[in-house]
Each structure stands twice: as C-alpha cells, then as structure tokens.
Amino acid sequence: MRLRPKETDRNVDALSGLFLNVYPSKSRFAEAYRTLRTNIRFSFLEHEFRSLLVTSSGMEEGKTITTMNLSYTIAQSGRGVVMVDADLRKPFLSRLMPSREMAGLTGVLSDILGAGVRTGTMAPLLLQDLVRLLGLQKKTGVLGLEGEGQVFEFLFFQGRLMDCRWPTCPPGKQLLSLLVKRGILTEAAARAAAEKAPESGTRPGFDLINSAGLDKEALAGPLNMISAECIQLAMRMESGRYIFQERLEADMERNWYDPEEVRRIYREVAAGEDASPHLKAKILSAVQKTGVEGLSLLPAGPLPPNPSELLGSERMLSLLSILKSCFDVVVVDTPPILPASDALVLAPHTDGVVFVVKAGKLNREMVRKAVDQLRKTNAKILGAVLNQVDDQRGGYYKYYEKYYSKYYGEEA
C-alpha cells in the first residue's frame, strides 16, 4: 500500500477518486490527513484558523492532492470549507469542475470586484457594495444616492471615504440647528452664518464656523451625530438610483472635517450590517459544490497574463475576507515557490502555510531556499508535509506499517 495515490490528469473521475472518501476511514492514508488536521489545530490553541495556504518548492510534489484531502478532512470535522484554486498557471484543482462557463477566481477578481461604478439602480446593490468597489478601484469622486425622498453624497479620494453629506437633512437636524440647541452658537450667530453661505447638507463652510470662534472639538459631537444618521439611512436605501461622478484629485475639495472620524463612524455603523451583500452573493454564485458535504471549490477561471499581480491585489485580499465571512475555513492552493512568486504575495495574508515536500524530489538546498523566501514575507509556516514516502523500504517505515496495520486490524 502506498501512502498516497499517484497524481493524474486524465479525467475528472480519476481526480475525484483522489479524495479520501474512496479510502477506508481507518486506512493509514486517511489517518495521516487526520493527523495533519490535528497538528494544524494545535498550532492555533488560542483561536480557530480561518485560512490556510498550501504550496511547495517545485512542481509535482503533491500540493494539490494535499489541498484536496486536508480540506476534505477539515470538512469531515463539521466545518464549512472552500478550496480556492489560486494556481493560475497550472490549475490542477480546477479539473474537479471542468466548465468553460465558470467565472472562477479570475472572473471574480476582474468582473465582479472590478465592475465599474457609474450609474444604476440601488437594487440589488447597497451602499456597502458601492463603497467596497470604489475602495478596491482607488476611485476619486462623488457618489450620489437619490431615492425614498432623500439625497446623500459620499466623497472619495483614491478609494478612501473622506466625507458624507446629507443635502435633504431636515432643518432641525442640520449642523447650525444642533449647535444652537447645544448652546454652542447663538441664534444670531447661526442666522449670520446661514445668510453668508446657506447650509447645504451636513457640512457648512468651515471658514464661517471658524469665524464664529468654534474649534474642532466643539463641532465633533454634532457632526458625528449627523454623519452616523446619514450613513445609517443610506445603508437602508433599497430603492432609488446611484451615480458616481469621477473627478480629478486636484479638483476635490480639501476642507474635509476629519476623514478618519468619518471612516470610523462608517465602520461602526457597517459593523451591524451585512458587508457587501450583493458582491457576496455574486461571489458565492461562482463557488461550486464538490459533491462532498461541507466542501466547495472556487476554480481558477480563465488564466490571466499576470498571475502574481492579480493575486497580490487588494481585490484578492478583499475576496479572502468575503470568503471567510461565508465559510469556516478557506484553503488556497498556489503554484510552487521556486518557479513563481504567486504564493509569496498571498502567504502573509493567510493564517498559516502548509509546505509540501515530496520525498526524494528536490535536494535540501532547494527546499531551504523556498522556505527562506516564505520566511522573508513574514508568513506563518505551520510545518512541512513529507509526501510520497516509499513505504516499501525497510527500517522505520516498515515497522510503522506493521504496527499501524496491527493497530487497526488491517492486512499489511
């Protein structure tokens, strides 16, 4: 008996036959992967791991088979697992689901997370989807939402939310009114400010406020209150239209009150909402069922000309974040390290790296070189899987085989 079957790419049946479900549950092959799963868990005593990356030094060392059966074993423990075929050079894992119609990983990154934001209806998009898309695409401009009797404006600079405005804010909730109610401004001073520059939205002219002797701290409370309600109402908008007007960076206003404070308020409000629900649904539509309970696959999709650039993009990191919100564990299969740098750009953004080494495949110096490259990225290397050991040789492995077979009552 061999420790693992030989890899083959002849057909889908042969590939699917490499899953552990075709092996006896007490076989040494199955137990080896359960031990691997347990050892990985021991590496995360204080918290559960959510993402793993599997790679190797060179080609044909068994990383894809390890990805499949490690994922299978984790799924058997009751956790929902999605495998991501991020080997955009030779996507062996994707042959589980051969189809020319699959969007796959590259389709998700380019067509879904790269979809342009110009104008359209809010349904099914929500504010959270639009903010994520504009952030990933580093856009500068103004996003306007109009519907349900309200108008909202969100300013972006290089993809970062800088300000939110509420032109249809009721008079009693506008900034000058709040400042008067709190005794920060007199009614006369408020009228004077309004006459000089009528308030439009949540941000009146700060030169006028400053001329009234107010400082940043005096404005913070009222401005934050208006911003929070503006964002809450905009997030609940399920009908109406959106339009994004792209602008040159030099043409954007620079009198933002406190961009970091606006972003903090957005994060706090969004924490109670479903993050990017439309994008999440689109991404999940590209994920395929494998036929194994609890185990799914995001295939590679069409092969791109620039795999490393695509895998190292913010879109990829955003995708990993979305997948982790939908599945218990994300297991990423990547190309070997020595021929390509793809695994190196992804490894630091996962909880840990499983490094596969085929016995007798590469010399120690090549393996050491690959491990050193991983360490330079500050990736967490969980350990190495020694694969395809020749169990027909004598010594320890012969004793181990005899002991193991006796323990489980199997024939050697």
# chains A, B, ... in the order shown; residues from 1 in each chain; ligands from 1
call {"tool": "select_by_dssp", "arguments": {"residues": "range 161-315 of chain A", "states": "helix (DSSP H, G or I)", "output": "ChimeraX atom specification"}}
result
/A:171-173,175-181,187-196,206-211,216-235,249-251,259-270,277-285,307-311,314-315
call {"tool": "residues_around", "arguments": {"residues": "Val82 in chain A", "least_positions_apart": "4", "cutoff": "10 Å", "atoms": "only C-alpha atoms", "output": "list in words"}}
result
Ser51, Ser71, Tyr72, Ala75, Val287, Gln288, Lys289, Thr290, Gly294, Leu295, Ser296, Leu297, Leu298, Leu323, Lys324, Cys326, Phe327, Asp328, Val329, Val330, Val331 and Val332 of chain A
call {"tool": "write_last_selection", "arguments": {"atoms": "C-alpha atoms", "output": "compact mmCIF listing (two decimals), in the first residue's frame"}}
result
# COMPACT_ATOMS: atom_id res chain seq x y z
CA SER A 51 -7.41 30.41 6.15
CA SER A 71 -9.84 20.29 3.01
CA TYR A 72 -11.86 17.07 2.92
CA ALA A 75 -14.96 19.39 6.25
CA VAL A 287 -18.32 28.81 -5.96
CA GLN A 288 -19.03 25.21 -6.97
CA LYS A 289 -20.21 22.25 -4.89
CA THR A 290 -17.84 19.28 -4.97
CA GLY A 294 -19.36 20.86 3.53
CA LEU A 295 -16.70 21.14 0.81
CA SER A 296 -16.82 23.71 -2.01
CA LEU A 297 -14.44 24.94 -4.70
CA LEU A 298 -13.69 28.26 -6.34
CA LEU A 323 -14.96 34.07 1.64
CA LYS A 324 -14.01 33.90 5.32
CA CYS A 326 -19.15 32.81 4.24
CA PHE A 327 -17.12 29.70 5.13
CA ASP A 328 -15.42 28.44 8.25
CA VAL A 329 -12.12 27.75 6.50
CA VAL A 330 -10.56 28.90 3.22
CA VAL A 331 -7.80 26.65 1.82
CA VAL A 332 -5.78 28.20 -1.01
call {"tool": "residues_around", "arguments": {"residues": "Ile337 in chain A", "least_positions_apart": "2", "cutoff": "7 Å", "atoms": "only C-alpha atoms", "output": "PyMOL selection string"}}
result
chain A and resi 56-58+335+339-341+343+370
call {"tool": "write_last_selection", "arguments": {"atoms": "C-alpha atoms", "output": "PDB file, in the first residue's frame"}}
result
ATOM      1  CA  SER A  56       5.667  23.519  -2.300  1.00  0.00           C
ATOM      2  CA  SER A  57       9.183  24.182  -3.572  1.00  0.00           C
ATOM      3  CA  GLY A  58       8.760  22.736  -7.038  1.00  0.00           C
ATOM      4  CA  PRO A 335       1.860  27.484  -7.502  1.00  0.00           C
ATOM      5  CA  PRO A 339       9.168  28.790 -10.398  1.00  0.00           C
ATOM      6  CA  ALA A 340       6.812  31.669  -9.420  1.00  0.00           C
ATOM      7  CA  SER A 341       6.279  34.279  -6.694  1.00  0.00           C
ATOM      8  CA  ALA A 343       2.446  32.020  -3.206  1.00  0.00           C
ATOM      9  CA  ALA A 370      11.918  28.096  -0.812  1.00  0.00           C
TER      10      ALA A 370
END
call {"tool": "residues_around", "arguments": {"residues": "Leu319 in chain A", "least_positions_apart": "2", "cutoff": "10 Å", "atoms": "only C-alpha atoms", "output": "PDB file with N, CA and C atoms, in the first residue's frame"}}
result
ATOM      1  N   LEU A 105     -11.903  32.168 -10.107  1.00  0.00           N
ATOM      2  CA  LEU A 105     -11.194  33.187  -9.338  1.00  0.00           C
ATOM      3  C   LEU A 105     -10.899  34.420 -10.175  1.00  0.00           C
ATOM      4  N   VAL A 108     -14.048  36.447 -10.820  1.00  0.00           N
ATOM      5  CA  VAL A 108     -14.480  37.178  -9.627  1.00  0.00           C
ATOM      6  C   VAL A 108     -13.647  38.440  -9.448  1.00  0.00           C
ATOM      7  N   LEU A 109     -12.326  38.305  -9.592  1.00  0.00           N
ATOM      8  CA  LEU A 109     -11.446  39.451  -9.365  1.00  0.00           C
ATOM      9  C   LEU A 109     -11.605  40.530 -10.432  1.00  0.00           C
ATOM     10  N   LEU A 113     -15.407  42.047  -8.682  1.00  0.00           N
ATOM     11  CA  LEU A 113     -14.779  43.059  -7.833  1.00  0.00           C
ATOM     12  C   LEU A 113     -14.175  44.195  -8.649  1.00  0.00           C
ATOM     13  N   LEU A 279     -22.217  41.844  -3.583  1.00  0.00           N
ATOM     14  CA  LEU A 279     -20.953  41.274  -4.029  1.00  0.00           C
ATOM     15  C   LEU A 279     -20.770  39.870  -3.466  1.00  0.00           C
ATOM     16  N   LYS A 280     -21.161  39.682  -2.219  1.00  0.00           N
ATOM     17  CA  LYS A 280     -21.051  38.361  -1.606  1.00  0.00           C
ATOM     18  C   LYS A 280     -21.881  37.339  -2.377  1.00  0.00           C
ATOM     19  N   ILE A 283     -20.199  36.497  -5.679  1.00  0.00           N
ATOM     20  CA  ILE A 283     -19.026  35.650  -5.482  1.00  0.00           C
ATOM     21  C   ILE A 283     -19.447  34.220  -5.180  1.00  0.00           C
ATOM     22  N   GLU A 314      -5.441  44.194  -3.940  1.00  0.00           N
ATOM     23  CA  GLU A 314      -6.398  44.386  -2.854  1.00  0.00           C
ATOM     24  C   GLU A 314      -7.700  43.642  -3.136  1.00  0.00           C
ATOM     25  N   ARG A 315      -8.004  43.428  -4.404  1.00  0.00           N
ATOM     26  CA  ARG A 315      -9.209  42.668  -4.732  1.00  0.00           C
ATOM     27  C   ARG A 315      -9.110  41.242  -4.191  1.00  0.00           C
ATOM     28  N   MET A 316      -7.925  40.641  -4.308  1.00  0.00           N
ATOM     29  CA  MET A 316      -7.735  39.288  -3.804  1.00  0.00           C
ATOM     30  C   MET A 316      -7.874  39.256  -2.295  1.00  0.00           C
ATOM     31  N   LEU A 317      -7.310  40.225  -1.611  1.00  0.00           N
ATOM     32  CA  LEU A 317      -7.424  40.269  -0.150  1.00  0.00           C
ATOM     33  C   LEU A 317      -8.870  40.486   0.260  1.00  0.00           C
ATOM     34  N   SER A 321     -11.388  37.964   2.445  1.00  0.00           N
ATOM     35  CA  SER A 321     -12.200  38.443   3.563  1.00  0.00           C
ATOM     36  C   SER A 321     -13.662  38.042   3.396  1.00  0.00           C
ATOM     37  N   ILE A 322     -14.192  38.188   2.190  1.00  0.00           N
ATOM     38  CA  ILE A 322     -15.584  37.822   1.936  1.00  0.00           C
ATOM     39  C   ILE A 322     -15.783  36.315   2.076  1.00  0.00           C
ATOM     40  N   LEU A 323     -14.846  35.531   1.541  1.00  0.00           N
ATOM     41  CA  LEU A 323     -14.964  34.071   1.644  1.00  0.00           C
ATOM     42  C   LEU A 323     -14.920  33.615   3.096  1.00  0.00           C
ATOM     43  N   LYS A 324     -14.085  34.272   3.915  1.00  0.00           N
ATOM     44  CA  LYS A 324     -14.006  33.897   5.323  1.00  0.00           C
ATOM     45  C   LYS A 324     -15.288  34.251   6.075  1.00  0.00           C
ATOM     46  N   SER A 325     -16.037  35.217   5.556  1.00  0.00           N
ATOM     47  CA  SER A 325     -17.320  35.544   6.184  1.00  0.00           C
ATOM     48  C   SER A 325     -18.413  34.562   5.782  1.00  0.00           C
TER      49      SER A 325
END
call {"tool": "select_by_dssp", "arguments": {"residues": "range 258-318 of chain A", "states": "strand (DSSP E)", "output": "ChimeraX atom specification"}}
result
/A:288-289,295-298
call {"tool": "residues_around", "arguments": {"residues": "Leu70 in chain A", "least_positions_apart": "2", "cutoff": "8 Å", "atoms": "only C-alpha atoms", "output": "ChimeraX atom specification"}}
result
/A:33-34,36-37,66-68,72-74
call {"tool": "residues_around", "arguments": {"residues": "Asn224 in chain A", "least_positions_apart": "5", "cutoff": "8 Å", "atoms": "only C-alpha atoms", "output": "PDB file with C-alpha atoms, in the first residue's frame"}}
result
ATOM      1  CA  GLU A 261     -13.530  60.170  12.030  1.00  0.00           C
ATOM      2  CA  VAL A 262     -15.923  59.710   9.099  1.00  0.00           C
ATOM      3  CA  ILE A 265     -18.262  56.130  12.023  1.00  0.00           C
TER       4      ILE A 265
END
call {"tool": "residues_around", "arguments": {"residues": "Asp351 in chain A", "least_positions_apart": "2", "cutoff": "8 Å", "atoms": "only C-alpha atoms", "output": "PyMOL selection string"}}
result
chain A and resi 49-52+348-349+353+380
call {"tool": "atom_distance", "arguments": {"atom1": "CA of Glu249 in chain A", "atom2": "CA of Thr140 in chain A"}}
result
6.4 Å
call {"tool": "closest_residue", "arguments": {"among": "A:Ser177, A:Ser239, A:Gln245, A:Ser77", "to": "Gln150 in chain A", "atoms": "only C-alpha atoms"}}
result
A:Ser239
call {"tool": "closest_residue", "arguments": {"among": "A:Met237, A:Ala194, A:Ile243, A:Ile112", "to": "Glu153 in chain A", "atoms": "only C-alpha atoms"}}
result
A:Ile243
call {"tool": "closest_residue", "arguments": {"among": "A:Asp251, A:Glu268, A:Asp258, A:Glu293", "to": "Glu229 in chain A", "atoms": "only C-alpha atoms"}}
result
A:Glu268
call {"tool": "decode", "arguments": {"residues": "range 227-269 of chain A", "atoms": "C-alpha atoms", "output": "PDB file, in the first residue's frame"}}
result
ATOM      1  CA  SER A 227     -22.746  61.555   9.861  1.00  0.00           C
ATOM      2  CA  ALA A 228     -23.953  58.444  11.693  1.00  0.00           C
ATOM      3  CA  GLU A 229     -27.602  59.048  10.794  1.00  0.00           C
ATOM      4  CA  CYS A 230     -26.669  59.905   7.196  1.00  0.00           C
ATOM      5  CA  ILE A 231     -24.759  56.624   6.813  1.00  0.00           C
ATOM      6  CA  GLN A 232     -27.462  54.569   8.547  1.00  0.00           C
ATOM      7  CA  LEU A 233     -30.207  55.891   6.279  1.00  0.00           C
ATOM      8  CA  ALA A 234     -28.060  55.468   3.156  1.00  0.00           C
ATOM      9  CA  MET A 235     -27.293  51.851   4.060  1.00  0.00           C
ATOM     10  CA  ARG A 236     -31.005  51.096   4.362  1.00  0.00           C
ATOM     11  CA  MET A 237     -31.801  52.522   0.943  1.00  0.00           C
ATOM     12  CA  GLU A 238     -33.106  49.654  -1.191  1.00  0.00           C
ATOM     13  CA  SER A 239     -34.659  51.686  -3.993  1.00  0.00           C
ATOM     14  CA  GLY A 240     -33.611  54.714  -5.968  1.00  0.00           C
ATOM     15  CA  ARG A 241     -30.532  55.382  -8.055  1.00  0.00           C
ATOM     16  CA  TYR A 242     -26.839  55.948  -7.621  1.00  0.00           C
ATOM     17  CA  ILE A 243     -24.427  57.941  -9.745  1.00  0.00           C
ATOM     18  CA  PHE A 244     -20.674  58.236  -9.347  1.00  0.00           C
ATOM     19  CA  GLN A 245     -19.022  61.341 -10.781  1.00  0.00           C
ATOM     20  CA  GLU A 246     -15.315  60.764 -11.139  1.00  0.00           C
ATOM     21  CA  ARG A 247     -13.137  63.811 -10.532  1.00  0.00           C
ATOM     22  CA  LEU A 248      -9.510  64.734 -10.791  1.00  0.00           C
ATOM     23  CA  GLU A 249      -7.702  64.610  -7.482  1.00  0.00           C
ATOM     24  CA  ALA A 250      -6.725  68.274  -7.878  1.00  0.00           C
ATOM     25  CA  ASP A 251     -10.383  69.268  -8.234  1.00  0.00           C
ATOM     26  CA  MET A 252     -11.556  67.678  -4.983  1.00  0.00           C
ATOM     27  CA  GLU A 253     -12.357  69.911  -2.036  1.00  0.00           C
ATOM     28  CA  ARG A 254      -9.780  69.870   0.744  1.00  0.00           C
ATOM     29  CA  ASN A 255     -11.861  71.204   3.645  1.00  0.00           C
ATOM     30  CA  TRP A 256     -12.926  67.805   4.944  1.00  0.00           C
ATOM     31  CA  TYR A 257     -13.589  67.989   8.661  1.00  0.00           C
ATOM     32  CA  ASP A 258     -11.949  64.738   9.767  1.00  0.00           C
ATOM     33  CA  PRO A 259     -11.758  61.873   7.235  1.00  0.00           C
ATOM     34  CA  GLU A 260     -10.539  59.382   9.846  1.00  0.00           C
ATOM     35  CA  GLU A 261     -13.530  60.170  12.030  1.00  0.00           C
ATOM     36  CA  VAL A 262     -15.923  59.710   9.099  1.00  0.00           C
ATOM     37  CA  ARG A 263     -14.351  56.349   8.274  1.00  0.00           C
ATOM     38  CA  ARG A 264     -14.563  55.291  11.930  1.00  0.00           C
ATOM     39  CA  ILE A 265     -18.262  56.130  12.023  1.00  0.00           C
ATOM     40  CA  TYR A 266     -18.823  54.220   8.784  1.00  0.00           C
ATOM     41  CA  ARG A 267     -17.087  51.133  10.189  1.00  0.00           C
ATOM     42  CA  GLU A 268     -19.134  51.277  13.371  1.00  0.00           C
ATOM     43  CA  VAL A 269     -22.418  51.631  11.518  1.00  0.00           C
TER      44      VAL A 269
END
